[in-house]
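Next up, my_file-v2.txt (compact mmCIF, C-alpha atoms and all ligand atoms):
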# COMPACT_ATOMS: atom_id res chain seq x y z
CA MET X 1 -56.16 -2.93 -6.75
CA ALA X 2 -53.60 -0.53 -5.26
CA GLY X 3 -52.14 -0.07 -8.77
CA ALA X 4 -55.38 1.30 -10.24
CA LEU X 5 -55.86 3.45 -7.17
CA LEU X 6 -52.37 4.97 -7.54
CA THR X 7 -53.01 5.75 -11.21
CA GLU X 8 -56.21 7.61 -10.27
CA LEU X 9 -54.34 9.47 -7.54
CA ALA X 10 -51.58 10.60 -9.90
CA ALA X 11 -54.23 12.30 -12.06
CA VAL X 12 -55.78 13.97 -9.00
CA GLU X 13 -52.38 15.24 -7.85
CA ALA X 14 -51.55 16.56 -11.31
CA ALA X 15 -54.72 18.71 -11.27
CA ALA X 16 -54.57 19.70 -7.57
CA PRO X 17 -50.96 19.59 -6.37
CA LEU X 18 -50.07 18.35 -2.90
CA ARG X 19 -49.31 21.20 -0.52
CA ASN X 20 -48.39 21.68 3.14
CA MET X 21 -51.23 23.75 4.57
CA VAL X 22 -50.88 26.29 7.35
CA THR X 23 -53.04 25.92 10.46
CA PRO X 24 -54.98 28.81 12.02
CA GLY X 25 -52.27 28.81 14.71
CA GLY X 26 -49.59 29.49 12.09
CA PHE X 27 -47.95 26.05 11.94
CA THR X 28 -47.20 24.38 8.62
CA MET X 29 -48.56 20.83 8.58
CA SER X 30 -45.95 18.09 8.10
CA VAL X 31 -48.52 16.08 6.14
CA ALA X 32 -48.96 17.22 2.51
CA LEU X 33 -52.57 17.33 1.36
CA THR X 34 -54.87 17.58 -1.61
CA ASN X 35 -58.49 16.66 -2.34
CA CYS X 36 -60.81 15.27 -4.94
CA GLY X 37 -64.58 15.45 -5.07
CA ALA X 38 -67.10 18.30 -5.08
CA LEU X 39 -65.70 19.60 -1.79
CA GLY X 40 -62.14 19.75 -0.47
CA TRP X 41 -60.77 20.47 3.00
CA THR X 42 -58.43 23.40 3.37
CA SER X 43 -56.68 25.21 6.20
CA ASP X 44 -55.09 28.63 6.42
CA ARG X 45 -54.65 31.40 9.00
CA ARG X 46 -58.40 32.11 8.75
CA GLY X 47 -59.45 28.61 9.78
CA TYR X 48 -60.43 25.15 8.55
CA ARG X 49 -63.21 24.72 6.00
CA TYR X 50 -64.48 22.82 2.99
CA THR X 51 -64.51 24.68 -0.33
CA GLY X 52 -65.60 23.86 -3.86
CA ILE X 53 -62.58 25.68 -5.30
CA ASP X 54 -58.95 24.78 -4.69
CA PRO X 55 -57.40 28.02 -3.35
CA LEU X 56 -54.03 27.06 -4.90
CA THR X 57 -55.27 26.66 -8.50
CA GLY X 58 -58.49 28.68 -8.42
CA GLN X 59 -60.19 25.70 -10.09
CA ALA X 60 -62.71 23.17 -8.83
CA TRP X 61 -61.12 20.20 -7.07
CA PRO X 62 -60.69 17.29 -9.49
CA PRO X 63 -63.68 14.93 -9.53
CA MET X 64 -63.68 11.90 -7.27
CA PRO X 65 -62.86 8.87 -9.43
CA GLN X 66 -65.93 6.61 -9.52
CA ALA X 67 -63.96 3.54 -8.50
CA LEU X 68 -62.84 5.35 -5.35
CA ALA X 69 -66.34 6.52 -4.44
CA ARG X 70 -67.59 2.97 -4.94
CA LEU X 71 -64.86 1.47 -2.76
CA ALA X 72 -65.78 3.91 0.03
CA ARG X 73 -69.51 3.22 -0.26
CA GLU X 74 -69.00 -0.56 -0.22
CA ALA X 75 -66.61 -0.39 2.74
CA ALA X 76 -69.12 1.73 4.67
CA GLN X 77 -71.91 -0.70 3.80
CA ALA X 78 -69.86 -3.68 4.94
CA ALA X 79 -69.33 -1.93 8.29
CA GLY X 80 -73.08 -1.33 8.67
CA PHE X 81 -73.33 2.24 7.35
CA ASP X 82 -75.85 2.25 4.50
CA GLY X 83 -76.22 5.00 1.91
CA PHE X 84 -72.78 6.58 2.25
CA ALA X 85 -72.23 8.88 -0.75
CA PRO X 86 -68.94 10.75 -0.18
CA ASP X 87 -68.57 14.23 -1.66
CA ALA X 88 -65.01 14.80 -0.43
CA CYS X 89 -61.84 12.73 -0.45
CA LEU X 90 -58.82 14.08 1.43
CA VAL X 91 -55.49 12.77 0.22
CA ASN X 92 -52.79 12.86 2.91
CA HIS X 93 -49.13 12.24 2.02
CA TYR X 94 -46.69 11.34 4.78
CA LEU X 95 -42.90 11.30 4.45
CA PRO X 96 -40.74 9.90 7.27
CA GLY X 97 -41.20 12.08 10.36
CA ALA X 98 -44.57 13.47 9.29
CA ARG X 99 -47.28 13.26 11.93
CA LEU X 100 -50.83 14.33 12.65
CA SER X 101 -51.50 15.59 16.16
CA LEU X 102 -54.63 14.59 18.05
CA HIS X 103 -57.74 16.23 16.60
CA GLN X 104 -61.44 15.73 15.94
CA ASP X 105 -62.94 15.89 12.46
CA LYS X 106 -65.69 18.47 12.97
CA ASP X 107 -65.77 20.50 9.76
CA GLU X 108 -68.38 18.29 8.09
CA ARG X 109 -72.02 19.39 8.09
CA SER X 110 -73.31 16.20 9.73
CA TYR X 111 -71.57 13.67 11.97
CA ASP X 112 -74.17 11.03 11.10
CA PHE X 113 -72.05 9.70 8.24
CA PRO X 114 -68.90 7.66 8.75
CA ILE X 115 -65.43 8.51 7.49
CA VAL X 116 -63.83 5.76 5.42
CA SER X 117 -60.03 5.63 5.33
CA VAL X 118 -57.71 3.76 2.99
CA SER X 119 -54.03 3.37 3.91
CA LEU X 120 -51.31 2.85 1.31
CA GLY X 121 -47.53 2.49 1.52
CA MET X 122 -45.59 2.59 4.77
CA SER X 123 -47.28 1.50 7.97
CA ALA X 124 -48.28 4.05 10.57
CA THR X 125 -49.31 4.01 14.20
CA PHE X 126 -52.78 5.46 14.48
CA LEU X 127 -53.86 7.04 17.76
CA PHE X 128 -57.46 6.39 18.74
CA GLY X 129 -58.49 8.52 21.69
CA GLY X 130 -61.63 9.44 23.55
CA LEU X 131 -64.22 12.18 23.16
CA ALA X 132 -61.94 14.55 25.11
CA ARG X 133 -58.28 15.23 24.29
CA ALA X 134 -57.12 14.01 27.70
CA GLY X 135 -56.28 10.36 28.32
CA ARG X 136 -54.02 7.82 26.69
CA PRO X 137 -55.13 6.96 23.17
CA LEU X 138 -55.14 3.39 21.91
CA ARG X 139 -52.37 2.68 19.38
CA VAL X 140 -53.57 0.89 16.26
CA PRO X 141 -51.18 -0.05 13.45
CA LEU X 142 -52.42 0.82 9.96
CA HIS X 143 -50.85 -1.04 7.05
CA HIS X 144 -50.89 -0.87 3.27
CA GLY X 145 -54.35 -1.88 2.03
CA ASP X 146 -56.20 -1.32 5.28
CA VAL X 147 -59.69 0.10 4.77
CA VAL X 148 -61.53 1.28 7.88
CA ALA X 149 -64.96 2.83 8.40
CA TRP X 150 -65.08 5.14 11.43
CA GLY X 151 -68.58 6.16 12.44
CA GLY X 152 -71.44 6.08 14.89
CA VAL X 153 -70.43 6.81 18.47
CA ASP X 154 -66.73 6.83 17.44
CA ARG X 155 -67.12 9.53 14.80
CA LEU X 156 -66.02 12.36 17.11
CA ARG X 157 -63.19 10.58 18.86
CA TYR X 158 -59.85 12.36 19.02
CA HIS X 159 -57.35 10.71 16.72
CA GLY X 160 -53.92 11.25 15.19
CA VAL X 161 -50.87 9.59 13.68
CA LEU X 162 -47.45 9.16 15.37
CA PRO X 163 -44.37 10.45 13.50
CA LEU X 164 -43.83 8.07 10.61
CA ALA X 165 -40.86 5.73 10.88
CA ASP X 166 -38.83 5.20 7.72
CA ALA X 167 -39.45 1.55 6.83
CA PRO X 168 -39.75 1.72 3.03
CA HIS X 169 -42.70 -0.04 1.43
CA PRO X 170 -41.83 -2.38 -1.49
CA VAL X 171 -44.12 -0.53 -3.94
CA LEU X 172 -44.44 3.03 -2.60
CA GLY X 173 -41.01 3.46 -1.03
CA SER X 174 -40.57 5.91 1.85
CA ARG X 175 -44.07 7.37 1.94
CA ARG X 176 -47.55 6.76 3.21
CA ILE X 177 -50.75 7.86 1.51
CA ASN X 178 -54.02 8.00 3.40
CA LEU X 179 -57.34 8.65 1.71
CA THR X 180 -60.33 9.72 3.78
CA PHE X 181 -63.77 9.74 2.21
CA ARG X 182 -66.33 12.01 3.79
CA ARG X 183 -69.78 13.45 3.42
CA ALA X 184 -68.83 17.07 4.02
CA GLY X 185 -71.74 19.08 2.63
C1 LIG X 201 -61.49 8.16 13.70
N1 LIG X 201 -56.19 11.18 8.87
O1 LIG X 201 -57.34 13.25 7.55
S1 LIG X 201 -57.44 8.30 8.86
C2 LIG X 201 -57.61 13.12 8.76
O2 LIG X 201 -54.04 8.44 8.70
C3 LIG X 201 -56.98 12.02 9.53
O3 LIG X 201 -54.07 10.31 7.63
C4 LIG X 201 -55.47 10.11 9.51
O4 LIG X 201 -57.19 11.93 10.70
C5 LIG X 201 -54.47 9.57 8.54
O5 LIG X 201 -58.41 13.84 9.37
C6 LIG X 201 -56.36 9.06 10.04
C7 LIG X 201 -58.58 7.48 9.88
C8 LIG X 201 -59.61 8.32 10.58
C9 LIG X 201 -60.17 9.44 10.00
C10 LIG X 201 -61.18 10.13 10.65
C11 LIG X 201 -61.64 9.69 11.90
C12 LIG X 201 -60.04 7.92 11.80
C13 LIG X 201 -61.05 8.58 12.47
C14 LIG X 201 -62.67 10.36 12.58
C15 LIG X 201 -63.11 9.89 13.81
C16 LIG X 201 -62.50 8.80 14.38
FE FE X 202 -58.88 13.23 11.23

Step by step, read the file and then write its structure as structure tokens.
Amino acid sequence: MAGALLTELAAVEAAAPLRNMVTPGGFTMSVALTNCGALGWTSDRRGYRYTGIDPLTGQAWPPMPQALARLAREAAQAAGFDGFAPDACLVNHYLPGARLSLHQDKDERSYDFPIVSVSLGMSATFLFGGLARAGRPLRVPLHHGDVVAWGGVDRLRYHGVLPLADAPHPVLGSRRINLTFRRAG
């Protein structure tokens, strides 16, 4: 399973290279990112947005492999979210020390669809907060192979990832890959 997924990802990353995006505030993200699907998430000094064209290559984002789209749809269905047809898949790459500070995912057109995440490689501590940034978030470990559908009343919760500890994974080594499937447009 993970083997086929990694082969598909290698093709995506060959067409749309991983890059460390700059936030509107001028910080370079420690997580390296690319996308597949009709839409891809990007950040620069002008803001966050979904685009059909990869600003790095000037080409459309590579298509979402069908097996990935199907995995996301079936995971959503199993969690009670029918009819999830993702048009964007963000690919996040974490090296030891990389982190994602608390944020909400609000750049999608509708919040009625869930976000499905797939974790690969090293384990991470996921932070699951409330609807406001304040308060102590719950810490949830995410391991290789974990597939989670986040939706409904939890869709706009603040969330993040603690700095990644270096505990090499037997197959992927010292990295973590997280895929998030979204309905962006
Ligand atoms: C809960 N990625 O790409 S995935 C992101 O592990 C992002 O790379 C994290 O947050 C990662 O935006 C977490 C799980 C996830 C994604 C979206 C959510 C959890 C969520 C939206 C609402 C609540
Ligand atoms: Fe997020």

message = Rounded to one decimal, what separation in Å do you get between atom CA of X:Leu179 and atom CA of X:Gly135?
response =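 Answer for the atom CA of X:Leu179 to atom CA of X:Gly135 separation: 26.7 Å.
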
task = State, in Å with one decimal place, the distance from atom CA of X:Trp41 to atom CA of X:Arg73.
result =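 Here the two named atoms are 19.6 Å from each other.
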
Closest contacts (stretch 70-150 of chain X/stretch 169-177 of chain X, max 12 Å, all atoms listed in the file) as CSV:
residue,atom,partner,partner_atom,distance
X:Leu90,CA,X:Ile177,CA,10.2
X:Val91,CA,X:Ile177,CA,6.9
X:Asn92,CA,X:Ile177,CA,5.6
X:His93,CA,X:Ile177,CA,4.7
X:Tyr94,CA,X:Arg176,CA,4.9
X:Leu95,CA,X:Arg175,CA,4.8
X:Pro96,CA,X:Ser174,CA,6.7
X:Gly97,CA,X:Arg175,CA,10.1
X:Ala98,CA,X:Arg176,CA,9.5
X:Arg99,CA,X:Arg176,CA,10.9
X:Ser117,CA,X:Ile177,CA,10.3
X:Val118,CA,X:Ile177,CA,8.2
X:Ser119,CA,X:Ile177,CA,6.1
X:Leu120,CA,X:Ile177,CA,5.0
X:Gly121,CA,X:Arg176,CA,4.6
X:Met122,CA,X:Arg176,CA,4.9
X:Ser123,CA,X:Arg176,CA,7.1
X:Ala124,CA,X:Arg176,CA,7.9
X:Thr125,CA,X:Arg176,CA,11.5
X:Leu142,CA,X:Arg176,CA,10.2
X:His143,CA,X:Arg176,CA,9.3
X:His144,CA,X:Arg176,CA,8.3
X:Gly145,CA,X:Ile177,CA,10.4
X:Asp146,CA,X:Ile177,CA,11.3

inquiry  = Taking all atoms listed in the file and a cut-off of 8 Å, can you tell me which residues surround ligand FE 202 (chain X), written as a count of residues only?
reply    = 6

message = Just want the 8 Å neighbourhood of X:Pro63, counted on all atoms listed in the file, with same-chain residues fewer than 4 positions away dropped. Output as a list in words.
response =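 Once the adjacent positions are removed, what remains is Val12, Cys36, Gly37 and Ala38 of chain X.
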